[in-house]
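Structure data follow from upload08.csv (CSV, C-alpha atoms):
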```
chain,number,residue,atom,x,y,z
A,1261,MET,CA,-99.1,-139.0,45.3
A,1262,LYS,CA,-96.1,-139.1,43.1
A,1263,LEU,CA,-98.2,-139.9,40.1
A,1264,LYS,CA,-100.6,-137.1,40.9
A,1265,HIS,CA,-97.7,-134.7,41.2
A,1266,LEU,CA,-96.4,-135.8,37.8
A,1267,THR,CA,-99.8,-135.3,36.2
A,1268,THR,CA,-100.0,-131.8,37.6
A,1269,VAL,CA,-96.6,-131.0,36.2
A,1270,ILE,CA,-97.6,-132.4,32.8
A,1271,LEU,CA,-100.8,-130.5,32.8
A,1272,SER,CA,-99.1,-127.3,33.9
A,1273,VAL,CA,-96.5,-127.6,31.2
A,1274,GLY,CA,-99.2,-128.3,28.7
A,1275,LEU,CA,-101.3,-125.4,29.9
A,1276,LEU,CA,-98.3,-123.1,29.8
A,1277,PHE,CA,-97.5,-124.3,26.3
A,1278,MET,CA,-101.1,-123.7,25.1
A,1279,ILE,CA,-101.1,-120.2,26.7
A,1280,SER,CA,-97.8,-119.3,25.1
A,1281,CYS,CA,-99.1,-120.7,21.8
A,1282,LYS,CA,-102.2,-118.6,22.0
A,1283,SER,CA,-100.5,-115.4,23.0
A,1284,LYS,CA,-97.7,-115.7,20.4
A,1285,PRO,CA,-98.8,-117.6,17.3
A,1286,LYS,CA,-96.0,-119.4,15.5
A,1287,ASP,CA,-94.6,-117.9,12.3
A,1288,ALA,CA,-95.9,-120.9,10.5
A,1289,ASP,CA,-99.5,-120.1,11.6
A,1290,ILE,CA,-99.1,-116.5,10.7
A,1291,GLN,CA,-97.7,-117.5,7.3
A,1292,ALA,CA,-100.8,-119.7,6.7
A,1293,ALA,CA,-103.2,-117.0,7.7
A,1294,VAL,CA,-101.3,-114.3,5.8
A,1295,THR,CA,-101.2,-116.5,2.7
A,1296,THR,CA,-104.9,-116.9,2.8
A,1297,ALA,CA,-105.4,-113.2,3.3
A,1298,LEU,CA,-103.2,-112.5,0.3
A,1299,GLN,CA,-105.4,-114.6,-2.0
A,1300,SER,CA,-107.1,-111.4,-3.1
A,1301,SER,CA,-103.8,-109.9,-3.9
A,1302,PRO,CA,-102.3,-111.9,-6.8
A,1303,GLY,CA,-98.6,-111.3,-7.4
A,1304,VAL,CA,-97.9,-110.6,-3.7
A,1305,SER,CA,-96.1,-113.1,-1.5
A,1306,ALA,CA,-95.3,-112.9,2.2
A,1307,ASP,CA,-92.4,-114.1,4.3
A,1308,VAL,CA,-92.9,-114.2,8.1
A,1309,LYS,CA,-90.1,-114.0,10.6
A,1310,ASP,CA,-90.7,-113.4,14.3
A,1311,GLY,CA,-94.1,-112.0,13.6
A,1312,VAL,CA,-92.8,-109.5,11.1
A,1313,VAL,CA,-94.4,-110.0,7.7
A,1314,THR,CA,-92.3,-109.0,4.7
A,1315,LEU,CA,-94.4,-108.5,1.5
A,1316,SER,CA,-92.8,-108.8,-1.9
A,1317,GLY,CA,-93.9,-109.0,-5.5
A,1318,SER,CA,-95.3,-106.7,-8.0
A,1319,VAL,CA,-98.7,-105.1,-8.4
A,1320,ALA,CA,-100.4,-102.8,-10.9
A,1321,SER,CA,-101.2,-99.9,-8.6
A,1322,GLN,CA,-100.4,-98.2,-5.3
A,1323,ALA,CA,-104.0,-99.1,-4.2
A,1324,ASP,CA,-103.3,-102.8,-4.7
A,1325,LYS,CA,-100.1,-102.5,-2.7
A,1326,ASP,CA,-101.9,-100.8,0.2
A,1327,ALA,CA,-104.7,-103.4,0.0
A,1328,ALA,CA,-102.2,-106.2,0.4
A,1329,GLU,CA,-100.6,-104.6,3.4
A,1330,ALA,CA,-104.0,-103.9,5.0
A,1331,ALA,CA,-105.2,-107.5,4.5
A,1332,VAL,CA,-102.1,-108.8,6.2
A,1333,LYS,CA,-102.1,-106.4,9.2
A,1334,LEU,CA,-105.4,-107.7,10.3
A,1335,ASN,CA,-104.0,-111.1,11.1
A,1336,GLN,CA,-103.4,-112.1,14.7
A,1337,GLY,CA,-99.7,-112.2,15.6
A,1338,VAL,CA,-98.5,-109.9,13.0
A,1339,LYS,CA,-96.2,-107.4,14.7
A,1340,SER,CA,-95.4,-105.3,11.7
A,1341,VAL,CA,-95.5,-105.4,8.0
A,1342,VAL,CA,-92.5,-104.5,5.7
A,1343,ASN,CA,-94.1,-103.7,2.4
A,1344,ASN,CA,-91.5,-104.3,-0.3
A,1345,VAL,CA,-94.2,-104.7,-3.0
A,1346,THR,CA,-93.3,-102.8,-6.1
A,1347,VAL,CA,-95.8,-101.0,-8.3
A,1348,ALA,CA,-95.2,-101.9,-11.9
A,1349,PRO,CA,-95.6,-99.0,-14.4
A,1350,PRO,CA,-98.6,-99.5,-16.6
A,1351,PRO,CA,-97.7,-101.3,-19.8
A,1352,PRO,CA,-97.3,-99.0,-22.8
A,1353,PRO,CA,-100.5,-98.6,-24.8
A,1354,PRO,CA,-100.5,-101.1,-27.5
A,1355,SER,CA,-99.2,-99.4,-30.6
A,1356,ALA,CA,-101.9,-99.1,-33.2
A,1357,PRO,CA,-101.4,-101.4,-36.1
A,1358,VAL,CA,-100.3,-99.7,-39.3
A,1359,GLU,CA,-103.2,-98.7,-41.5
A,1360,VAL,CA,-102.7,-99.6,-45.1
A,1361,THR,CA,-105.0,-98.1,-47.7
A,1362,ALA,CA,-106.8,-100.7,-49.8
A,1363,ASP,CA,-105.5,-101.2,-53.4
A,1364,ASP,CA,-108.5,-99.7,-55.1
A,1365,SER,CA,-108.5,-96.4,-53.4
A,1366,LEU,CA,-104.7,-96.3,-53.4
A,1367,LYS,CA,-104.7,-96.8,-57.2
A,1368,THR,CA,-107.0,-93.9,-57.8
A,1369,ALA,CA,-105.1,-91.6,-55.5
A,1370,VAL,CA,-101.7,-92.6,-56.9
A,1371,ALA,CA,-102.9,-92.0,-60.4
A,1372,GLY,CA,-104.2,-88.6,-59.4
A,1373,ILE,CA,-100.8,-87.6,-58.1
A,1374,VAL,CA,-98.5,-89.3,-60.6
A,1375,LYS,CA,-100.2,-87.6,-63.6
A,1376,ASP,CA,-98.4,-84.4,-62.5
A,1377,PHE,CA,-95.1,-86.1,-62.6
A,1378,PRO,CA,-94.2,-86.8,-66.3
A,1379,GLY,CA,-91.7,-89.5,-66.7
A,1380,ILE,CA,-93.0,-91.5,-63.7
A,1381,GLN,CA,-95.0,-94.8,-63.9
A,1382,ALA,CA,-96.7,-96.2,-60.9
A,1383,ASP,CA,-98.2,-99.5,-60.1
A,1384,VAL,CA,-100.0,-100.6,-56.9
A,1385,LYS,CA,-99.9,-104.2,-55.6
A,1386,ASP,CA,-100.9,-105.4,-52.2
A,1387,GLY,CA,-100.6,-101.9,-50.7
A,1388,VAL,CA,-97.2,-101.4,-52.2
A,1389,ILE,CA,-96.7,-98.5,-54.6
A,1390,ILE,CA,-94.1,-99.4,-57.3
A,1391,ILE,CA,-92.5,-96.4,-58.9
A,1392,THR,CA,-90.4,-96.6,-62.1
A,1393,GLY,CA,-89.1,-94.1,-64.5
A,1394,GLU,CA,-86.9,-91.0,-64.1
A,1395,GLN,CA,-87.2,-87.9,-62.0
A,1396,LYS,CA,-85.2,-85.0,-60.6
A,1397,ALA,CA,-84.3,-85.4,-57.0
A,1398,ASP,CA,-86.4,-82.5,-55.7
A,1399,ARG,CA,-89.4,-83.6,-57.7
A,1400,TRP,CA,-89.1,-87.1,-56.5
A,1401,LYS,CA,-89.0,-85.9,-52.9
A,1402,LYS,CA,-92.3,-84.1,-53.5
A,1403,LEU,CA,-93.7,-87.2,-55.1
A,1404,LYS,CA,-92.5,-89.4,-52.2
A,1405,MET,CA,-94.1,-87.0,-49.7
A,1406,ALA,CA,-97.4,-87.2,-51.5
A,1407,LEU,CA,-97.3,-91.0,-51.9
A,1408,ASP,CA,-96.4,-91.5,-48.2
A,1409,ALA,CA,-99.4,-89.5,-47.2
A,1410,LEU,CA,-101.7,-92.0,-49.0
A,1411,LYS,CA,-100.8,-94.6,-46.3
A,1412,PRO,CA,-99.3,-97.3,-48.5
A,1413,LYS,CA,-97.6,-100.3,-47.1
A,1414,LYS,CA,-94.4,-99.4,-48.9
A,1415,VAL,CA,-93.2,-97.2,-51.7
A,1416,ASP,CA,-90.9,-99.3,-53.8
A,1417,ALA,CA,-88.6,-97.0,-55.8
A,1418,SER,CA,-86.0,-99.5,-56.6
A,1419,GLY,CA,-86.8,-99.1,-60.3
A,1420,LEU,CA,-86.6,-95.3,-60.2
A,1421,LYS,CA,-83.6,-93.3,-61.6
A,1422,VAL,CA,-83.0,-90.1,-59.8
A,1423,LYS,CA,-81.4,-87.5,-62.0
B,101,MET,CA,-84.6,-101.8,-30.4
B,102,ALA,CA,-85.4,-103.0,-33.8
B,103,ALA,CA,-82.7,-102.4,-36.5
B,104,LEU,CA,-84.9,-100.1,-38.5
B,105,GLN,CA,-85.7,-97.9,-35.5
B,106,ASP,CA,-82.0,-97.8,-34.9
B,107,LYS,CA,-81.2,-96.8,-38.5
B,108,TYR,CA,-83.7,-93.9,-38.3
B,109,LYS,CA,-83.1,-93.1,-34.6
B,110,GLU,CA,-82.0,-89.5,-35.5
B,111,LEU,CA,-85.3,-89.0,-37.4
B,112,ILE,CA,-87.5,-90.4,-34.6
B,113,ASP,CA,-85.6,-88.4,-31.9
B,114,ALA,CA,-85.9,-85.2,-34.0
B,115,ALA,CA,-89.7,-85.8,-34.4
B,116,GLN,CA,-90.0,-86.2,-30.7
B,117,ALA,CA,-87.8,-83.3,-29.8
B,118,ALA,CA,-89.7,-81.0,-32.2
B,119,GLY,CA,-93.0,-81.7,-30.5
B,120,THR,CA,-94.6,-83.8,-33.1
B,121,SER,CA,-98.0,-84.8,-31.6
B,122,ASN,CA,-99.7,-88.2,-32.0
B,123,LEU,CA,-96.3,-89.5,-33.1
B,124,LYS,CA,-96.7,-93.2,-34.1
B,125,VAL,CA,-93.7,-95.3,-35.1
B,126,ASN,CA,-94.6,-98.8,-36.2
B,127,GLU,CA,-92.9,-101.5,-38.2
B,128,LEU,CA,-94.8,-103.5,-40.8
B,129,ASP,CA,-93.1,-106.1,-43.0
B,130,GLY,CA,-89.7,-104.4,-42.9
B,131,VAL,CA,-91.0,-100.9,-43.4
B,132,LEU,CA,-91.0,-98.3,-40.7
B,133,HIS,CA,-94.2,-96.3,-40.7
B,134,ILE,CA,-93.8,-92.8,-39.1
B,135,GLU,CA,-96.9,-90.8,-38.5
B,136,GLY,CA,-97.6,-87.6,-36.7
B,137,GLU,CA,-98.5,-84.0,-36.7
B,138,ALA,CA,-95.7,-81.5,-36.8
B,139,PRO,CA,-96.2,-78.1,-35.1
B,140,THR,CA,-95.1,-76.2,-38.1
B,141,GLY,CA,-94.3,-76.7,-41.8
B,142,ALA,CA,-90.6,-76.0,-41.0
B,143,VAL,CA,-90.5,-79.0,-38.7
B,144,LYS,CA,-92.0,-81.2,-41.4
B,145,ASP,CA,-89.3,-80.0,-43.8
B,146,GLN,CA,-86.7,-80.6,-41.2
B,147,LEU,CA,-87.9,-84.2,-40.7
B,148,TRP,CA,-87.9,-84.9,-44.4
B,149,ASN,CA,-84.4,-83.5,-44.7
B,150,ILE,CA,-83.2,-85.8,-41.9
B,151,TYR,CA,-84.9,-88.7,-43.6
B,152,GLY,CA,-83.2,-87.8,-46.9
B,153,LYS,CA,-79.9,-87.6,-45.1
B,154,ILE,CA,-80.2,-91.1,-43.7
B,155,ASP,CA,-81.6,-92.6,-46.9
B,156,PRO,CA,-80.3,-90.5,-49.8
B,157,ASN,CA,-83.1,-89.9,-52.4
B,158,PHE,CA,-85.5,-92.1,-50.3
B,159,LEU,CA,-84.7,-95.1,-52.5
B,160,THR,CA,-84.4,-97.9,-49.9
B,161,GLY,CA,-88.2,-98.0,-49.4
B,162,ASP,CA,-88.0,-98.9,-45.7
B,163,VAL,CA,-89.8,-95.9,-44.5
B,164,VAL,CA,-93.3,-94.5,-45.1
B,165,MET,CA,-93.5,-91.1,-43.4
B,166,ASN,CA,-96.8,-89.3,-43.1
B,167,ILE,CA,-96.3,-86.0,-41.3
B,168,ASN,CA,-99.1,-83.5,-41.3
B,169,VAL,CA,-98.8,-79.9,-40.2
B,170,ALA,CA,-100.8,-78.8,-37.2
B,171,THR,CA,-101.1,-75.2,-38.3
B,172,ALA,CA,-103.3,-76.4,-41.3
B,173,VAL,CA,-106.5,-75.7,-39.4
B,174,ALA,CA,-109.8,-74.2,-40.7
B,175,GLY,CA,-109.3,-70.5,-41.5
B,176,ALA,CA,-105.6,-70.9,-42.1
B,177,LYS,CA,-103.9,-69.3,-45.1
B,178,LEU,CA,-102.4,-71.7,-47.6
B,179,LYS,CA,-100.0,-71.1,-50.3
B,180,VAL,CA,-100.3,-72.9,-53.6
B,181,ILE,CA,-97.1,-74.8,-54.1
B,182,THR,CA,-97.6,-76.4,-57.4
B,183,GLU,CA,-94.4,-76.7,-59.6
B,184,SER,CA,-95.5,-73.8,-61.8
B,185,SER,CA,-99.0,-74.6,-63.0
B,186,ASN,CA,-102.4,-73.6,-61.6
B,187,LEU,CA,-104.1,-75.7,-59.0
B,188,ASN,CA,-107.4,-77.2,-59.9
B,189,ILE,CA,-110.3,-76.5,-57.6
B,190,ARG,CA,-112.9,-79.2,-57.9
B,191,LYS,CA,-116.5,-79.7,-57.1
B,192,GLY,CA,-115.8,-82.7,-55.0
B,193,PRO,CA,-112.9,-84.6,-53.5
B,194,GLY,CA,-111.5,-86.6,-56.4
B,195,THR,CA,-109.7,-86.1,-59.7
B,196,ASP,CA,-112.8,-87.3,-61.4
B,197,GLN,CA,-114.8,-84.3,-60.1
B,198,PRO,CA,-115.5,-81.4,-62.4
B,199,ILE,CA,-113.1,-78.4,-62.1
B,200,VAL,CA,-114.9,-75.4,-60.7
B,201,GLY,CA,-112.0,-73.0,-60.5
B,202,LYS,CA,-108.2,-72.6,-60.4
B,203,ALA,CA,-105.7,-71.1,-58.0
B,204,ALA,CA,-102.5,-69.7,-59.4
B,205,HIS,CA,-99.0,-70.9,-58.5
B,206,ASN,CA,-98.0,-69.2,-55.3
B,207,GLU,CA,-101.5,-67.8,-54.7
B,208,ILE,CA,-102.7,-67.6,-51.1
B,209,VAL,CA,-106.0,-69.3,-50.4
B,210,SER,CA,-108.0,-70.1,-47.2
B,211,LEU,CA,-108.6,-73.5,-45.7
B,212,ILE,CA,-112.3,-74.1,-45.0
B,213,SER,CA,-112.1,-77.7,-43.9
B,214,LYS,CA,-110.2,-80.9,-44.5
B,215,GLN,CA,-112.3,-83.6,-46.2
B,216,SER,CA,-109.4,-86.0,-45.8
B,217,ASP,CA,-105.6,-86.0,-45.6
B,218,GLN,CA,-105.6,-85.6,-49.4
B,219,TRP,CA,-108.5,-83.3,-50.2
B,220,TRP,CA,-109.1,-79.9,-48.6
B,221,LEU,CA,-112.0,-77.6,-49.1
B,222,ILE,CA,-110.5,-74.1,-49.9
B,223,ARG,CA,-111.6,-70.7,-50.9
B,224,THR,CA,-109.7,-68.3,-53.1
B,225,ASP,CA,-109.7,-64.5,-52.6
B,226,ALA,CA,-111.8,-64.3,-55.7
B,227,GLY,CA,-114.5,-66.3,-53.9
B,228,GLU,CA,-114.0,-69.6,-55.8
B,229,GLU,CA,-114.7,-72.5,-53.4
B,230,GLY,CA,-114.0,-76.2,-53.9
B,231,TYR,CA,-111.7,-79.1,-53.2
B,232,ALA,CA,-108.0,-79.1,-54.0
B,233,TYR,CA,-105.2,-81.5,-53.5
B,234,ALA,CA,-103.6,-81.0,-50.1
B,235,GLN,CA,-100.2,-81.9,-51.4
B,236,TYR,CA,-100.0,-78.6,-53.2
B,237,LEU,CA,-101.1,-76.5,-50.3
B,238,GLN,CA,-98.7,-75.3,-47.6
B,239,PRO,CA,-99.8,-73.4,-44.5
B,240,VAL,CA,-98.4,-69.9,-44.4
B,241,GLU,CA,-96.6,-69.2,-41.2
```
For this file, write the structure as structure tokens.
Amino acid sequence: MKLKHLTTVILSVGLLFMISCKSKPKDADIQAAVTTALQSSPGVSADVKDGVVTLSGSVASQADKDAAEAAVKLNQGVKSVVNNVTVAPPPPPPSAPVEVTADDSLKTAVAGIVKDFPGIQADVKDGVIIITGEQKADRWKKLKMALDALKPKKVDASGLKVK
Amino acid sequence: MAALQDKYKELIDAAQAAGTSNLKVNELDGVLHIEGEAPTGAVKDQLWNIYGKIDPNFLTGDVVMNINVATAVAGAKLKVITESSNLNIRKGPGTDQPIVGKAAHNEIVSLISKQSDQWWLIRTDAGEEGYAYAQYLQPVE
């Protein structure tokens, strides 16, 4: 009789425990489920406390942020979701590499310009226009504007004397 | 911010403030390449003046600045800004091309099209048509 009573008590407690477990999943269980649900949302992590899921991390768009929240909400036991995920601004477009004119076309173009600037000698090497000689400041400015428009790598005027 | 962009900050800021479109600022082997299209010839002049202020006489060689003027579109009037001589009008885009006409210093011509940044197809009031060097042509505003 005594043993039977004890068994009943143990069974009842066990049953109560199981029921309570079922109706209120433990945070650890929610965490596991939520983590699985977030596998499709890279960059987002979840923290569960008393059934409240807090999402954190960074995603590329608002749609990704909403998707993460929706995926988490579906899980049993989740009371509410605090969505602290930030939407990162899109990375700046990669700046186009500098185009440098090939030496051959650069040489032809430079020769065409420099012929109008007596007193100036020009050489082209590896995309660099090397200017030597003498020139008045305002004429040199004109020349420099014309040379820069040819898309050289550099205009080296260290050998130029400006009058 | 890179040292060069710092040095020429005033120039880059001015280019942005003046509404230079397609503005590209890149650094390559210690040279700052600034490219873009200025809304007017005055803006282009202003940018070159700022550049000349930061680097007197443009002698450091740490900038290549290629600023075009947006008003230089087909149909625009261009002034011949040679030093004093006539501007050769050629059959094709290149100094090896035969000369088909001449435009006088300070003459106003029309832009037909741009073959490249360097060579523009123009027409004089006398009806001569051919390619001329863009450097000697300035949009009239």
TODO: Check every residue of chain B for an atom within 9 Å of chain A, counting all atoms listed in the file, and provide those that qualify as a ChimeraX atom specification.
DONE: /B:124-129,131-133,148,152,157-168,183,194-196,217-218,233-235
Task: Nearest candidate to Asn1335 of chain A (options A:Thr1295, A:Ser1272, A:Thr1392, A:Thr1267; using all atoms listed in the file) - done: A:Thr1295
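For the choices B:Ala232, B:Val200, B:Ile222, B:Ala142, the atom-to-atom distance to Gly175 of chain B is smallest for B:Ile222 when using only C-alpha atoms.
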TODO: Anything within 6 Å of (-96.5, -84.1, -34.4): list those residues as an MDAnalysis selection string, counting only C-alpha atoms and sticking to the file's coordinates.
DONE: chainID B and resid 119:123 136:138
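Between atom CA of Gln197 of chain B and atom CA of Gln215 of chain B lies a distance of 14.1 Å.
Between atom CA of Tyr231 of chain B and atom CA of Pro1378 of chain A the separation is 23.2 Å.
Going from atom CA of Val1341 of chain A over to atom CA of Ser1316 of chain A, you cover 10.8 Å.
Distances to Ser210 of chain B were evaluated for B:Ile134, B:Ile112, B:Val180, B:Leu147 using all atoms listed in the file, and the minimum falls at B:Val180.
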I'd like the contact shell of Asp1307 of chain A - 10 Å cut-off, only C-alpha atoms, skipping same-chain residues fewer than 2 positions apart - returned as a tab-separated table (two decimals) with C-alpha atoms, in the coordinates of the input.
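For reference, out_3.tsv as written:
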```tsv
chain	number	residue	atom	x	y	z
A	1287	ASP	CA	-94.60	-117.90	12.30
A	1288	ALA	CA	-95.90	-120.90	10.50
A	1290	ILE	CA	-99.10	-116.50	10.70
A	1291	GLN	CA	-97.70	-117.50	7.30
A	1294	VAL	CA	-101.30	-114.30	5.80
A	1295	THR	CA	-101.20	-116.50	2.70
A	1305	SER	CA	-96.10	-113.10	-1.50
A	1309	LYS	CA	-90.10	-114.00	10.60
A	1311	GLY	CA	-94.10	-112.00	13.60
A	1312	VAL	CA	-92.80	-109.50	11.10
A	1313	VAL	CA	-94.40	-110.00	7.70
A	1314	THR	CA	-92.30	-109.00	4.70
A	1315	LEU	CA	-94.40	-108.50	1.50
A	1316	SER	CA	-92.80	-108.80	-1.90
A	1341	VAL	CA	-95.50	-105.40	8.00
A	1342	VAL	CA	-92.50	-104.50	5.70
```
